[in-house]
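To keep things clear, I will list the structure first and then write my remarks on it.
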Amino acid sequence: MSKIQEKRLQQAEINIGMVGHVDHGKTMLTKALTGVMTDTHSEELKRGISIRLGYADAIFRKCPKCKGDEAYTTSEICKICGSKTVPLRRVSFVDAPGHETLMATMLSGAALLQGAVLVIAANEKCPQPRTAEHLAALKIAGVKNIVVAQNKIDLVNKEKALENYNQIKKFLSENGYENAPVIPTSATYGVNIDFLIAAIERTIPTPEYDLTKPLKMYVVRSFDINRPGTKPENFKGGVLGGSIMCGKAKAGEEIEIAPGFGKRILTQISSLSTSTGIIEEAHPGGLIAIGTPLDPRLTRNDQMRGQIVAKPGILPAEVNELRLELHYLDRLLIKIPEFRTNDAVIATIGTATNLGIITNCRHDYIEIKLKMPAIVEKGQKIALSKKTESGWRLAAYGKVL
Ligand code: GDP
Ligand code: MG
Ligand code: ZN
């Protein structure tokens, strides 16, 4: 492999969301594609559901000798002819929780996605509530390229599979995703994973990122990587995990973190890494970790989730109020009443989850006073959730005026 190719495989080119209703097989399918079990958090194991966004990378490969979609794999050896396969690209899967109370986590992850696999169980009627809500969230986030995995195909007969397939097709075309391919899979038995990879390769290409723009990155996680008991002189600085939206990042560069805590934070990139190790330069797409000289108390427990990292001076001023053109979602299964003045609302702005109070509202316009300052751009779409009996539900989106 050439040095350039080796470098290209160090950082994933895109983030692909694993979305869909709870128990339809998102975590199992992520495992089938990457070999990694993403719910390893003790609380997740106990409750048997994914709580946080999980991440796992795969390198998609193809046999140079075999023809057809069976030639796609993540294995270094072709299962058909035994040849050595060639790497195509590294992709990162973002496994979203499908539980109804965890919609905010899914929404904040949606900002990072260049594409998604919508997992739909073949043995249940389609759509289920979270199937519809997650697809609506993808639409708001501008994710156009999706592949549907009609999973648990091992649990149904041919008639049931076809009936479910027709429900899926109808649901997709009602939502403007009629071109999304539907691949029958069984995550448990590893059936059709090759066809799923082939469909992702065709449907979710790596976008042409603008590397000439100044750096802008959304933070989704942050950590304190020091073990308890580390002496202060050996402390490692705070680490920020996220995905670059435009531009590039290099070690040594100055960065600004906004909105910060009360005020913006000026610091620098002391190191860059991906799950494969240290890298010299990072591009948009796959998740990266930025090492900084910041006090790790600022970054522990994902406290920096929702912050924006950028080249100093390029971000607009923080706002404490949103004025939005309002659009209700009309394709959800659960009817949600319209917003009213004084209602509480959760606004998902990039990867930030921001609580607010409605100060003014009409059918097509809304004003929200935010609890915490936010950074927005004109035309940006913001997902709006409303409190209902079943918790916070995605109800509408607003376009920044
Ligand atoms: P998630 O909530 O969407 O992440 O669903 P999981 O991946 O955790 O799977 C939920 C349950 O369905 C688990 O018990 C899995 O073993 C099971 N499951 C997932 N995929 C399949 C499949 O293709 N076939 C069958 N029979 N069971 C599956
Ligand atoms: Mg899961
Ligand atoms: Zn082969």
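In the structure tokens, each chain is lettered A, B, ... as it comes, each chain's residues begin at 1, and ligands are numbered from 1 in order of appearance.
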Notebook entry, point to check: Which neighbours of A:Leu113 fall inside 12 Å, counting only C-alpha atoms, when residues of the same chain fewer than 4 positions from it are skipped, and could you give them as a PyMOL selection string?
Noted result: chain A and resi 13-19+91-96+106-109+117+137-146+204+206-207+218+242-245+284-287+350-351
Check: as a PyMOL selection string, which residues of stretch 246-401 of chain A does DSSP assign to strand (DSSP E or B)?
Finding: chain A and resi 246+249-250+254-261+263-268+271-274+277-278+281-282+288-291+308-310+319-328+344-349+352-362+365-374+381-388+391-400
Item checked: Atom-to-atom span, atom CA of A:Tyr328 and atom CA of A:Leu384, Å ->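 We find that atom CA of A:Tyr328 and atom CA of A:Leu384 lie 9.2 Å from each other.
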Note to self: Let's see if you can do this: from backbone DSSP, list all helix (DSSP H, G or I) residues in stretch 164-376 of chain A, as an NGL selection string.
What the structure shows: :A and (164-174 or 193-203 or 232-234 or 296-298 or 300-302)
Please produce a file of those selected residues containing N, CA, C and O atoms, as a short mmCIF file (atom, residue, chain, number, x, y, z; two decimals), in the first residue's frame.
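Once written, selection-v2.cif looks like this:
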```cif
data_model
loop_
_atom_site.label_atom_id
_atom_site.label_comp_id
_atom_site.auth_asym_id
_atom_site.auth_seq_id
_atom_site.Cartn_x
_atom_site.Cartn_y
_atom_site.Cartn_z
N ASN A 164 -43.88 -6.53 4.45
CA ASN A 164 -43.12 -5.53 5.20
C ASN A 164 -42.32 -4.62 4.23
O ASN A 164 -42.25 -3.41 4.41
N TYR A 165 -41.77 -5.22 3.18
CA TYR A 165 -41.02 -4.46 2.17
C TYR A 165 -41.91 -3.39 1.54
O TYR A 165 -41.50 -2.24 1.37
N ASN A 166 -43.15 -3.77 1.22
CA ASN A 166 -44.07 -2.80 0.62
C ASN A 166 -44.42 -1.67 1.58
O ASN A 166 -44.53 -0.52 1.16
N GLN A 167 -44.55 -1.99 2.87
CA GLN A 167 -44.79 -0.94 3.88
C GLN A 167 -43.59 0.01 3.93
O GLN A 167 -43.76 1.23 4.01
N ILE A 168 -42.39 -0.56 3.87
CA ILE A 168 -41.17 0.27 3.93
C ILE A 168 -41.12 1.20 2.71
O ILE A 168 -40.87 2.40 2.84
N LYS A 169 -41.38 0.65 1.53
CA LYS A 169 -41.33 1.46 0.29
C LYS A 169 -42.33 2.62 0.36
O LYS A 169 -42.02 3.74 -0.05
N LYS A 170 -43.53 2.32 0.86
CA LYS A 170 -44.57 3.35 0.96
C LYS A 170 -44.12 4.44 1.94
O LYS A 170 -44.19 5.63 1.64
N PHE A 171 -43.60 4.01 3.09
CA PHE A 171 -43.12 4.95 4.11
C PHE A 171 -42.00 5.83 3.55
O PHE A 171 -42.00 7.05 3.75
N LEU A 172 -41.07 5.23 2.82
CA LEU A 172 -39.95 6.01 2.26
C LEU A 172 -40.45 7.02 1.24
O LEU A 172 -40.02 8.18 1.26
N SER A 173 -41.38 6.60 0.37
CA SER A 173 -41.79 7.54 -0.68
C SER A 173 -42.65 8.66 -0.10
O SER A 173 -42.58 9.80 -0.56
N GLU A 174 -43.40 8.39 0.97
CA GLU A 174 -44.17 9.47 1.62
C GLU A 174 -43.26 10.51 2.26
O GLU A 174 -43.69 11.62 2.54
N ILE A 193 -24.53 -8.83 4.57
CA ILE A 193 -23.68 -7.70 4.99
C ILE A 193 -22.89 -7.19 3.77
O ILE A 193 -22.68 -5.99 3.62
N ASP A 194 -22.49 -8.11 2.87
CA ASP A 194 -21.81 -7.71 1.63
C ASP A 194 -22.69 -6.79 0.77
O ASP A 194 -22.24 -5.75 0.29
N PHE A 195 -23.97 -7.14 0.64
CA PHE A 195 -24.90 -6.32 -0.14
C PHE A 195 -25.13 -4.95 0.54
O PHE A 195 -25.29 -3.94 -0.13
N LEU A 196 -25.14 -4.97 1.87
CA LEU A 196 -25.32 -3.72 2.60
C LEU A 196 -24.12 -2.79 2.37
O LEU A 196 -24.29 -1.59 2.11
N ILE A 197 -22.91 -3.35 2.41
CA ILE A 197 -21.70 -2.54 2.16
C ILE A 197 -21.74 -1.99 0.73
O ILE A 197 -21.47 -0.80 0.50
N ALA A 198 -22.10 -2.84 -0.22
CA ALA A 198 -22.16 -2.40 -1.63
C ALA A 198 -23.16 -1.24 -1.77
O ALA A 198 -22.88 -0.25 -2.46
N ALA A 199 -24.31 -1.36 -1.10
CA ALA A 199 -25.33 -0.29 -1.19
C ALA A 199 -24.83 1.00 -0.55
O ALA A 199 -25.07 2.10 -1.06
N ILE A 200 -24.10 0.89 0.56
CA ILE A 200 -23.54 2.10 1.21
C ILE A 200 -22.51 2.74 0.27
O ILE A 200 -22.51 3.96 0.09
N GLU A 201 -21.66 1.91 -0.35
CA GLU A 201 -20.65 2.45 -1.27
C GLU A 201 -21.30 3.22 -2.42
O GLU A 201 -20.80 4.25 -2.83
N ARG A 202 -22.41 2.72 -2.92
CA ARG A 202 -23.08 3.39 -4.05
C ARG A 202 -23.90 4.60 -3.61
O ARG A 202 -24.00 5.58 -4.33
N THR A 203 -24.52 4.51 -2.44
CA THR A 203 -25.51 5.51 -2.05
C THR A 203 -24.93 6.65 -1.21
O THR A 203 -25.44 7.76 -1.22
N PRO A 232 -0.34 16.05 39.67
CA PRO A 232 -0.62 17.23 38.85
C PRO A 232 0.43 17.47 37.76
O PRO A 232 0.09 17.83 36.64
N GLU A 233 1.72 17.24 38.08
CA GLU A 233 2.77 17.52 37.07
C GLU A 233 2.70 16.55 35.88
O GLU A 233 3.25 16.82 34.83
N ASN A 234 1.98 15.45 36.06
CA ASN A 234 1.84 14.50 34.95
C ASN A 234 0.49 14.59 34.24
O ASN A 234 0.20 13.79 33.35
N PRO A 296 -8.22 19.57 32.49
CA PRO A 296 -9.14 18.47 32.19
C PRO A 296 -10.46 18.52 32.96
O PRO A 296 -11.42 17.85 32.58
N ARG A 297 -10.52 19.34 34.00
CA ARG A 297 -11.80 19.49 34.71
C ARG A 297 -12.87 20.11 33.80
O ARG A 297 -14.06 19.92 34.00
N LEU A 298 -12.41 20.88 32.79
CA LEU A 298 -13.34 21.51 31.85
C LEU A 298 -13.92 20.51 30.85
O LEU A 298 -14.98 20.73 30.27
N ARG A 300 -14.11 16.95 31.36
CA ARG A 300 -14.55 15.63 31.81
C ARG A 300 -16.06 15.44 31.64
O ARG A 300 -16.82 16.40 31.54
N ASN A 301 -16.47 14.17 31.56
CA ASN A 301 -17.90 13.82 31.46
C ASN A 301 -18.66 14.50 30.33
O ASN A 301 -19.80 14.92 30.50
N ASP A 302 -18.04 14.61 29.19
CA ASP A 302 -18.72 15.20 28.01
C ASP A 302 -19.23 16.62 28.24
O ASP A 302 -20.17 17.06 27.56
#
```
Checklist line | Shell of 7 Å around ligand 3 (only C-alpha atoms and all ligand atoms), written as a ChimeraX atom specification | finding: /A:63-66,71,78-83
Would you mind exporting N, CA and C atoms of the selected residues as a PDB file, in the first residue's frame?
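Saved file out12.pdb follows:
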```pdb
ATOM      1  N   CYS A  63     -13.052  -7.433  -3.360  1.00  0.00           N
ATOM      2  CA  CYS A  63     -12.182  -8.408  -4.021  1.00  0.00           C
ATOM      3  C   CYS A  63     -11.901  -7.918  -5.444  1.00  0.00           C
ATOM      4  N   PRO A  64     -10.632  -7.879  -5.873  1.00  0.00           N
ATOM      5  CA  PRO A  64     -10.325  -7.396  -7.217  1.00  0.00           C
ATOM      6  C   PRO A  64     -10.716  -8.407  -8.301  1.00  0.00           C
ATOM      7  N   LYS A  65     -10.935  -9.674  -7.925  1.00  0.00           N
ATOM      8  CA  LYS A  65     -11.220 -10.709  -8.926  1.00  0.00           C
ATOM      9  C   LYS A  65     -12.699 -11.025  -9.067  1.00  0.00           C
ATOM     10  N   CYS A  66     -13.421 -10.999  -7.953  1.00  0.00           N
ATOM     11  CA  CYS A  66     -14.826 -11.400  -8.005  1.00  0.00           C
ATOM     12  C   CYS A  66     -15.718 -10.267  -8.514  1.00  0.00           C
ATOM     13  N   ALA A  71     -18.625  -9.227  -3.759  1.00  0.00           N
ATOM     14  CA  ALA A  71     -17.192  -8.918  -3.678  1.00  0.00           C
ATOM     15  C   ALA A  71     -16.866  -7.897  -2.592  1.00  0.00           C
ATOM     16  N   CYS A  78     -10.939 -12.580   0.497  1.00  0.00           N
ATOM     17  CA  CYS A  78     -12.235 -12.779  -0.156  1.00  0.00           C
ATOM     18  C   CYS A  78     -12.820 -14.134   0.244  1.00  0.00           C
ATOM     19  N   LYS A  79     -14.100 -14.111   0.664  1.00  0.00           N
ATOM     20  CA  LYS A  79     -14.730 -15.357   1.143  1.00  0.00           C
ATOM     21  C   LYS A  79     -15.053 -16.296  -0.015  1.00  0.00           C
ATOM     22  N   ILE A  80     -15.081 -15.748  -1.254  1.00  0.00           N
ATOM     23  CA  ILE A  80     -15.437 -16.576  -2.415  1.00  0.00           C
ATOM     24  C   ILE A  80     -14.201 -17.239  -3.029  1.00  0.00           C
ATOM     25  N   CYS A  81     -13.158 -16.433  -3.308  1.00  0.00           N
ATOM     26  CA  CYS A  81     -12.020 -16.991  -4.036  1.00  0.00           C
ATOM     27  C   CYS A  81     -10.714 -17.004  -3.251  1.00  0.00           C
ATOM     28  N   GLY A  82     -10.737 -16.408  -2.049  1.00  0.00           N
ATOM     29  CA  GLY A  82      -9.526 -16.434  -1.220  1.00  0.00           C
ATOM     30  C   GLY A  82      -8.471 -15.397  -1.581  1.00  0.00           C
ATOM     31  N   SER A  83      -8.766 -14.509  -2.556  1.00  0.00           N
ATOM     32  CA  SER A  83      -7.788 -13.462  -2.914  1.00  0.00           C
ATOM     33  C   SER A  83      -7.693 -12.437  -1.796  1.00  0.00           C
TER      34      SER A  83
END
```
Check: Taking into account only C-alpha atoms, which residue in the set A:Ala383, A:Leu272, A:Leu370, A:Ala396 is nearest to A:Lys335?
Finding: A:Ala396
Residues of chain A that have any atom at most 6 Å from an atom of ligand 1: could you tabulate them with the shortest-distance atom pair and the distance in Å to one decimal, using only C-alpha atoms and all ligand atoms, ordered by chain and increasing number, as CSV?
```
residue,atom,partner,partner_atom_place_in_ligand_line,distance
A:Val22,CA,ligand 1,2 (O),4.0
A:Asp23,CA,ligand 1,2 (O),3.4
A:His24,CA,ligand 1,3 (O),4.1
A:Gly25,CA,ligand 1,7 (O),3.3
A:Lys26,CA,ligand 1,3 (O),3.7
A:Thr27,CA,ligand 1,7 (O),3.6
A:Met28,CA,ligand 1,7 (O),3.7
A:Ile49,CA,ligand 1,2 (O),5.7
A:Gly98,CA,ligand 1,2 (O),5.7
A:Asn151,CA,ligand 1,23 (O),5.0
A:Lys152,CA,ligand 1,23 (O),3.4
A:Asp154,CA,ligand 1,24 (N),5.7
A:Leu155,CA,ligand 1,26 (N),5.6
A:Ser186,CA,ligand 1,23 (O),3.3
A:Ala187,CA,ligand 1,23 (O),3.8
A:Thr188,CA,ligand 1,22 (C),4.5
```
Could the residues in this selection be written to a file with C-alpha atoms, as an mmCIF file, in the first residue's frame?
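So the final result, stored in result_3.cif, reads:
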```cif
data_model
loop_
_atom_site.group_PDB
_atom_site.id
_atom_site.type_symbol
_atom_site.label_atom_id
_atom_site.label_comp_id
_atom_site.auth_asym_id
_atom_site.auth_seq_id
_atom_site.Cartn_x
_atom_site.Cartn_y
_atom_site.Cartn_z
ATOM 1 C CA VAL A 22 -35.422 0.458 19.616
ATOM 2 C CA ASP A 23 -34.554 -3.259 19.301
ATOM 3 C CA HIS A 24 -34.586 -3.317 15.495
ATOM 4 C CA GLY A 25 -30.887 -4.282 15.438
ATOM 5 C CA LYS A 26 -28.795 -1.097 15.156
ATOM 6 C CA THR A 27 -26.170 -2.217 17.643
ATOM 7 C CA MET A 28 -26.018 -5.768 16.234
ATOM 8 C CA ILE A 49 -30.265 -0.515 25.397
ATOM 9 C CA GLY A 98 -33.496 4.154 19.633
ATOM 10 C CA ASN A 151 -33.264 -6.496 9.390
ATOM 11 C CA LYS A 152 -34.263 -9.703 11.242
ATOM 12 C CA ASP A 154 -34.425 -14.621 9.463
ATOM 13 C CA LEU A 155 -37.577 -14.244 11.587
ATOM 14 C CA SER A 186 -29.870 -10.587 9.368
ATOM 15 C CA ALA A 187 -27.399 -9.016 11.769
ATOM 16 C CA THR A 188 -27.392 -12.128 13.958
#
```
Item checked: Spatial neighbours of A:Thr34, 7 Å, only C-alpha atoms, chain gap at least 2 places, as a list of chain:residue names ->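 Here the qualifying residues turn out to be A:Thr30, A:Lys31, A:Ala32, A:Val36, A:Ala56, A:Asp57, A:Ala58.
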Margin query: Nearest residue to ligand 2 out of A:Val182, A:His99, A:Phe60, A:Gln10, using only C-alpha atoms and all ligand atoms?
Written below: A:His99
Next item on the list: Determine the nearest neighbour of ligand 2 from the options A:His21, A:Arg8, A:Lys3, A:His363, counting only C-alpha atoms and all ligand atoms.
Entry: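 Counting only C-alpha atoms and all ligand atoms, the residue closest to ligand 2 is A:His21.
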Item checked: Point-to-point distance from atom 1 (Mg, counted along the ligand's line) of ligand 2 to atom CA of A:Ile336, Å rounded to tenths ->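 Here the two named atoms are 25.7 Å from each other.
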Notebook entry, point to check: Of the residues A:Val86, A:Val119, A:Cys361, A:Ile59, which is the one nearest to ligand 2, using only C-alpha atoms and all ligand atoms?
Noted result: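 Ranked by minimum distance to ligand 2, first place goes to A:Val119.
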Next item on the list: Quick one: everything within 12 Å of A:Trp392, counting only C-alpha atoms, minus sequence neighbours fewer than 3 positions away in the same chain. Send it as a PyMOL selection string.
Entry: chain A and resi 99-105+107+133+336+344-348+353+355+383-389+395-396
Next item on the list: May I have the residues within 7 Å of stretch 309-311 of chain A as a VMD selection string, using only C-alpha atoms and disregarding those fewer than 3 positions away in the same chain?
Entry: chain A and resid 214 to 218 254 to 258 314
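Put simply, atom CA of A:Ile375 is 18.2 Å away from atom CA of A:Leu240.
Compared by their closest atoms to ligand 2, and using only C-alpha atoms and all ligand atoms, the residues A:Thr212, A:Gln150, A:Ser2, A:Thr38 rank with A:Thr38 nearest.
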Margin query: Ranking A:Ile349, A:Val239, A:Ile4, A:Leu29 by minimum distance to ligand 2 and counting only C-alpha atoms and all ligand atoms, which one comes first?
Written below: A:Leu29
